[in-house]
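Listing of coords_36.cif, mmCIF, C-alpha atoms and all ligand atoms
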data_query
#
loop_
_atom_site.label_atom_id
_atom_site.label_comp_id
_atom_site.auth_asym_id
_atom_site.auth_seq_id
_atom_site.Cartn_x
_atom_site.Cartn_y
_atom_site.Cartn_z
CA MET A 94 0.00 0.00 0.00
CA LYS A 95 1.26 3.45 -0.80
CA VAL A 96 0.71 5.71 2.17
CA THR A 97 -0.20 9.17 0.99
CA LYS A 98 -1.82 10.40 4.17
CA ALA A 99 -1.00 9.64 7.80
CA GLU A 100 -2.23 11.69 10.72
CA ILE A 101 -2.72 11.36 14.44
CA VAL A 102 -6.41 11.34 15.31
CA ILE A 103 -6.24 11.22 19.08
CA SER A 104 -4.24 10.09 22.08
CA ALA A 105 -7.04 8.43 23.99
CA VAL A 106 -7.27 7.32 27.59
CA ALA A 107 -10.96 6.39 27.60
CA GLU A 108 -13.57 4.79 25.39
CA ALA A 109 -15.48 8.02 24.88
CA GLN A 110 -12.47 9.41 23.00
CA TYR A 111 -12.11 6.64 20.44
CA PRO A 112 -12.65 7.87 16.87
CA ASP A 113 -16.23 7.39 15.69
CA ASP A 114 -15.55 7.13 11.95
CA ASN A 115 -15.86 3.35 12.16
CA LEU A 116 -12.67 2.52 10.23
CA PRO A 117 -11.02 -0.88 10.68
CA GLU A 118 -8.29 -0.84 13.32
CA ILE A 119 -4.91 -2.52 13.32
CA VAL A 120 -3.55 -2.85 16.83
CA LEU A 121 0.02 -2.97 18.15
CA LEU A 122 0.62 -4.82 21.39
CA GLY A 123 3.83 -5.75 23.15
CA ARG A 124 6.20 -5.05 25.98
CA SER A 125 7.42 -1.61 26.58
CA ASN A 126 10.38 -0.79 24.30
CA VAL A 127 9.79 -3.75 21.96
CA GLY A 128 9.36 -1.37 19.01
CA LYS A 129 5.60 -0.80 18.52
CA SER A 130 5.79 2.89 17.68
CA THR A 131 8.83 2.33 15.48
CA PHE A 132 6.89 -0.45 13.69
CA VAL A 133 4.18 2.06 12.75
CA ASN A 134 6.71 4.63 11.54
CA THR A 135 8.59 2.02 9.50
CA LEU A 136 5.45 0.76 7.78
CA ILE A 137 4.26 4.20 6.80
CA GLU A 138 7.75 5.57 6.14
CA ARG A 139 7.29 8.56 8.44
CA ARG A 140 10.06 8.78 10.95
CA GLY A 141 8.47 10.87 13.62
CA LEU A 142 4.73 10.29 13.40
CA ALA A 143 4.57 7.88 16.34
CA ARG A 144 6.82 9.09 19.17
CA THR A 145 9.54 6.59 20.05
CA SER A 146 12.25 6.45 22.69
CA SER A 147 15.18 4.34 23.77
CA GLN A 148 13.67 4.55 27.27
CA PRO A 149 10.76 2.19 27.92
CA GLY A 150 7.37 3.64 28.81
CA LYS A 151 7.24 6.24 26.03
CA THR A 152 3.71 5.58 24.80
CA GLN A 153 1.29 6.06 27.68
CA THR A 154 -1.97 6.58 25.81
CA MET A 155 -3.79 4.71 23.04
CA ASN A 156 -2.69 6.58 19.94
CA PHE A 157 -4.93 6.35 16.90
CA TYR A 158 -3.33 7.12 13.52
CA ARG A 159 -5.54 7.42 10.45
CA ILE A 160 -3.85 6.05 7.34
CA ASN A 161 -5.05 7.03 3.85
CA ASP A 162 -8.51 7.62 5.40
CA GLN A 163 -8.77 3.85 5.17
CA PHE A 164 -7.85 2.41 8.56
CA HIS A 165 -6.35 3.26 11.94
CA PHE A 166 -3.20 2.01 13.53
CA VAL A 167 -3.72 1.86 17.28
CA ASP A 168 -0.38 2.19 19.06
CA MET A 169 -0.77 0.96 22.63
CA PRO A 170 1.25 1.61 25.78
CA GLY A 171 3.64 -1.28 26.43
CA TYR A 172 3.03 -3.82 29.14
CA GLY A 173 5.60 -4.98 31.66
CA TYR A 174 7.12 -1.55 32.20
CA ALA A 175 8.78 -2.04 35.57
CA LYS A 176 9.35 1.61 36.41
CA ALA A 177 5.72 2.64 36.15
CA SER A 178 3.81 2.54 39.41
CA LYS A 179 1.53 -0.40 40.06
CA THR A 180 -1.48 1.91 39.81
CA GLU A 181 -0.32 3.19 36.43
CA ARG A 182 0.31 -0.28 35.08
CA GLU A 183 -3.11 -1.42 36.24
CA LYS A 184 -4.69 1.61 34.61
CA TRP A 185 -2.99 0.89 31.25
CA GLY A 186 -3.83 -2.79 31.55
CA LYS A 187 -7.52 -2.04 32.10
CA MET A 188 -7.54 0.47 29.25
CA ILE A 189 -6.05 -2.06 26.80
CA GLU A 190 -8.29 -4.86 28.04
CA LYS A 191 -11.41 -2.73 27.68
CA TYR A 192 -10.43 -1.76 24.15
CA LEU A 193 -9.73 -5.34 23.12
CA ARG A 194 -12.93 -6.73 24.62
CA ASN A 195 -15.35 -4.07 23.42
CA ARG A 196 -14.02 -2.57 20.24
CA ASN A 197 -15.46 -4.33 17.23
CA ASN A 198 -13.32 -2.29 14.84
CA ALA A 199 -10.18 -4.18 15.89
CA THR A 200 -9.55 -6.09 12.69
CA LEU A 201 -5.97 -7.25 13.07
CA ILE A 202 -3.71 -7.51 16.09
CA PHE A 203 0.05 -7.59 15.91
CA GLN A 204 1.77 -8.80 19.05
CA LEU A 205 5.41 -7.74 19.01
CA ILE A 206 8.07 -9.79 20.76
CA ASP A 207 11.78 -8.92 20.94
CA SER A 208 13.51 -11.48 18.72
CA ARG A 209 16.66 -11.32 20.86
CA HIS A 210 15.00 -12.76 23.95
CA GLU A 211 12.69 -15.52 25.05
CA PRO A 212 9.06 -14.40 25.21
CA SER A 213 8.55 -13.02 28.73
CA GLU A 214 5.88 -14.14 31.21
CA ASP A 215 3.91 -11.06 30.18
CA ASP A 216 4.24 -11.94 26.48
CA ILE A 217 2.94 -15.43 27.15
CA LEU A 218 0.04 -14.20 29.31
CA MET A 219 -0.91 -11.59 26.71
CA TYR A 220 -0.82 -14.15 23.92
CA GLU A 221 -2.90 -16.67 25.84
CA TRP A 222 -5.40 -14.01 26.86
CA LEU A 223 -5.82 -12.90 23.23
CA VAL A 224 -6.28 -16.46 21.98
CA HIS A 225 -8.79 -17.13 24.77
CA TYR A 226 -10.92 -14.25 23.54
CA GLY A 227 -10.61 -15.35 19.91
CA LEU A 228 -8.37 -12.40 19.04
CA ASN A 229 -5.61 -14.47 17.47
CA PRO A 230 -2.67 -12.11 17.01
CA LEU A 231 0.02 -12.23 14.37
CA ILE A 232 3.39 -12.53 16.07
CA ILE A 233 6.18 -10.17 15.04
CA GLY A 234 9.78 -10.76 16.14
CA THR A 235 11.28 -7.27 16.36
CA LYS A 236 14.83 -5.87 16.14
CA ALA A 237 15.93 -8.73 13.88
CA ASP A 238 18.85 -6.62 12.66
CA LYS A 239 20.43 -7.04 16.09
CA ILE A 240 20.93 -10.80 15.73
CA SER A 241 22.70 -13.06 13.25
CA LYS A 242 20.89 -15.11 10.58
CA ILE A 243 21.41 -18.27 12.63
CA ASN A 244 20.00 -16.66 15.74
CA GLN A 245 17.06 -15.33 13.74
CA LYS A 246 16.15 -18.89 12.87
CA LYS A 247 16.60 -19.98 16.48
CA SER A 248 14.51 -17.06 17.63
CA VAL A 249 11.47 -17.86 15.50
CA ASN A 250 11.62 -21.49 16.59
CA ARG A 251 11.89 -20.48 20.25
CA ILE A 252 8.98 -18.06 20.03
CA ALA A 253 6.85 -20.64 18.19
CA ASN A 254 7.70 -23.32 20.77
CA ILE A 255 7.03 -21.22 23.82
CA LEU A 256 3.76 -19.84 22.48
CA ASN A 257 2.73 -23.22 21.09
CA LEU A 258 2.24 -21.92 17.56
CA ARG A 259 1.51 -24.48 14.88
CA SER A 260 4.62 -23.53 12.96
CA ALA A 261 7.64 -21.27 13.23
CA GLN A 262 6.55 -19.79 9.90
CA GLU A 263 3.83 -17.96 11.78
CA VAL A 264 6.46 -15.67 13.29
CA ILE A 265 7.28 -12.65 11.13
CA LEU A 266 10.77 -11.28 11.70
CA PHE A 267 10.89 -7.52 11.47
CA SER A 268 13.48 -4.78 11.46
CA SER A 269 13.09 -1.06 11.26
CA GLU A 270 16.73 -0.87 10.16
CA THR A 271 16.79 -3.35 7.27
CA LYS A 272 12.98 -3.23 6.64
CA LEU A 273 12.91 -7.01 6.92
CA GLY A 274 9.28 -8.16 7.14
CA LYS A 275 7.78 -4.89 5.99
CA GLU A 276 6.26 -6.23 2.78
CA VAL A 277 4.86 -9.34 4.48
CA VAL A 278 3.24 -7.21 7.17
CA TRP A 279 1.64 -4.97 4.53
CA GLU A 280 0.28 -8.05 2.76
CA HIS A 281 -1.46 -9.10 5.97
CA ILE A 282 -2.89 -5.62 6.42
CA GLU A 283 -4.11 -5.39 2.84
CA ASN A 284 -5.72 -8.81 3.15
CA VAL A 285 -7.88 -7.86 6.11
CA LEU A 286 -8.87 -4.57 4.49
CA LYS A 287 -10.23 -6.22 1.35
P1 LIG B 1 6.74 1.98 24.54
O1 LIG B 1 6.09 3.13 23.86
O2 LIG B 1 7.58 2.36 25.70
O3 LIG B 1 5.78 0.89 24.88
O4 LIG B 1 7.82 1.34 23.51
P2 LIG B 1 7.63 0.91 21.97
O5 LIG B 1 7.29 -0.54 21.91
O6 LIG B 1 6.72 1.84 21.26
O7 LIG B 1 9.14 1.05 21.42
P3 LIG B 1 9.76 2.17 20.46
O8 LIG B 1 9.18 2.07 19.10
O9 LIG B 1 9.70 3.48 21.15
O10 LIG B 1 11.26 1.64 20.34
C1 LIG B 1 12.09 1.45 21.45
C2 LIG B 1 13.55 1.52 21.03
O11 LIG B 1 13.88 0.41 20.20
C3 LIG B 1 13.90 2.78 20.22
O12 LIG B 1 15.18 3.20 20.61
C4 LIG B 1 13.91 2.28 18.79
O13 LIG B 1 14.77 3.02 17.94
C5 LIG B 1 14.43 0.86 18.97
N1 LIG B 1 13.97 -0.05 17.89
C6 LIG B 1 12.69 -0.31 17.55
N2 LIG B 1 12.62 -1.18 16.53
C7 LIG B 1 13.90 -1.47 16.19
C8 LIG B 1 14.50 -2.32 15.20
O14 LIG B 1 13.85 -3.00 14.39
N3 LIG B 1 15.87 -2.38 15.19
C9 LIG B 1 16.64 -1.68 16.06
N4 LIG B 1 17.97 -1.83 15.97
N5 LIG B 1 16.11 -0.86 16.99
C10 LIG B 1 14.76 -0.76 17.06
MG MG B 2 5.56 3.35 21.90
#

Could I get this structure in the form of structure tokens?
Ligand code: GTP
Ligand code: MG
Amino acid sequence: MKVTKAEIVISAVAEAQYPDDNLPEIVLLGRSNVGKSTFVNTLIERRGLARTSSQPGKTQTMNFYRINDQFHFVDMPGYGYAKASKTEREKWGKMIEKYLRNRNNATLIFQLIDSRHEPSEDDILMYEWLVHYGLNPLIIGTKADKISKINQKKSVNRIANILNLRSAQEVILFSSETKLGKEVVWEHIENVLK
């Protein structure tokens, strides 16, 4: 897809603020610092649209981006951010849970997992929770440029094993540096928008 228009609609903290234009929504979930906001910027080739940071905990609201007036990306706060207070983490958790359970517009969910590490407890819980509610996510292994080809292969196998995926081919390796995975991700998006 050629992105000709990309704009922030709203940074929402509550349901009442969600956009009401009824566009399909493509949701980014994952641990803090895994690369969700960077993923959005890489796909749409706009460096600074979604704010990113080398410090975890950058995105603290649900950010809706309208793309080509055709769909929204919903960039979520990361889970598992240790430095946030318990109250804050619970607040974000509830906000994300409410969105996922009530928002019928959510058409495709990407769950991002750092390809350098084993999926964390939080990653596993999130994945199982999504599957339980029938919201089967596509799994993205991020920061693939930071590991060797051999370790990339090991990484997808490890993620697939730990999450009990049917096949390691279900894991899409991604890199904002080399653009690995970008085309495959767009194919998935275009498929659900048909
Ligand atoms: P929160 O908003 O805190 O939940 O984090 P996030 O998941 O949105 O992460 P963000 O996109 O802000 O990226 C975190 C850091 O990882 C930034 O320094 C990015 O530049 C870096 N990063 C993200 N993706 C990649 C990648 O594919 N390769 C490399 N080398 N760095 C990446
Ligand atoms: Mg972010």

Mind listing the residues within 6 Å of ligand LIG 1 (chain B), only C-alpha atoms and all ligand atoms counted, as an MDAnalysis selection string? chainID A and resid 125:131 145:147 149:152 170:171 235:236 238:239 268:270

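Using all atoms listed in the file, the nearest neighbour of Arg144 of chain A within the list A:Ala109, A:His165, A:Pro117, A:Ser104 is A:Ser104.
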
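When all atoms listed in the file are used to compute distances to ligand MG 2 (chain B), the closest of the residues A:Val277, A:Met169, A:Ala99, A:Ile160 turns out to be A:Met169.
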
Would you place a box with edges along x, y and z of the file around all atoms of segment 183-187 of chain A listed there, add 5 Å to each of its six sides, and report the centre and edge lengths in Å to one decimal, as lines of an AutoDock Vina configuration file?
center_x = -5.3
center_y = -0.6
center_z = 33.7
size_x = 14.5
size_y = 14.4
size_z = 15.0

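The nearest approach to Thr154 of chain A among the residues A:Asp215, A:Glu190, A:Asp168, A:Glu283, with all atoms listed in the file taken into account, belongs to A:Asp168.
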
Asp216 of chain A environment, 12 Å, all atoms listed in the file, sequence neighbours closer than 5 positions dropped, as a compact mmCIF listing (two decimals) with C-alpha atoms, in the coordinates of the input:
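Saved result, part-v6.txt, follows:
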# COMPACT_ATOMS: atom_id res chain seq x y z
CA LEU A 122 0.62 -4.82 21.39
CA GLY A 123 3.83 -5.75 23.15
CA ARG A 124 6.20 -5.05 25.98
CA SER A 125 7.42 -1.61 26.58
CA VAL A 127 9.79 -3.75 21.96
CA GLY A 171 3.64 -1.28 26.43
CA TYR A 172 3.03 -3.82 29.14
CA GLY A 173 5.60 -4.98 31.66
CA GLN A 204 1.77 -8.80 19.05
CA LEU A 205 5.41 -7.74 19.01
CA ILE A 206 8.07 -9.79 20.76
CA ASP A 207 11.78 -8.92 20.94
CA HIS A 210 15.00 -12.76 23.95
CA GLU A 211 12.69 -15.52 25.05
CA GLU A 221 -2.90 -16.67 25.84
CA TRP A 222 -5.40 -14.01 26.86
CA LEU A 223 -5.82 -12.90 23.23
CA PRO A 230 -2.67 -12.11 17.01
CA ILE A 232 3.39 -12.53 16.07
CA ILE A 233 6.18 -10.17 15.04
CA GLY A 234 9.78 -10.76 16.14
CA ILE A 252 8.98 -18.06 20.03
CA ILE A 255 7.03 -21.22 23.82
CA LEU A 256 3.76 -19.84 22.48

From the list A:Gln110, A:Arg196, A:Lys272, A:Tyr174, which residue is nearest Asn134 of chain A when using only C-alpha atoms? A:Lys272

Spatial neighbours of Ala261 of chain A, max dist 6 Å, only C-alpha atoms, sep filter under 6 positions, as an MDAnalysis selection string: chainID A and resid 249:250 253

Output file for the selection above: C-alpha atoms, as a short mmCIF file (atom, residue, chain, number, x, y, z; two decimals), in the frame of the given file:
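Produced file part-v3.cif, reproduced below:
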data_model
loop_
_atom_site.label_atom_id
_atom_site.label_comp_id
_atom_site.auth_asym_id
_atom_site.auth_seq_id
_atom_site.Cartn_x
_atom_site.Cartn_y
_atom_site.Cartn_z
CA VAL A 249 11.47 -17.86 15.50
CA ASN A 250 11.62 -21.49 16.59
CA ALA A 253 6.85 -20.64 18.19
#

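With atom CA of Phe164 of chain A on one side and atom CA of Leu116 of chain A on the other, the separation reads 5.1 Å.
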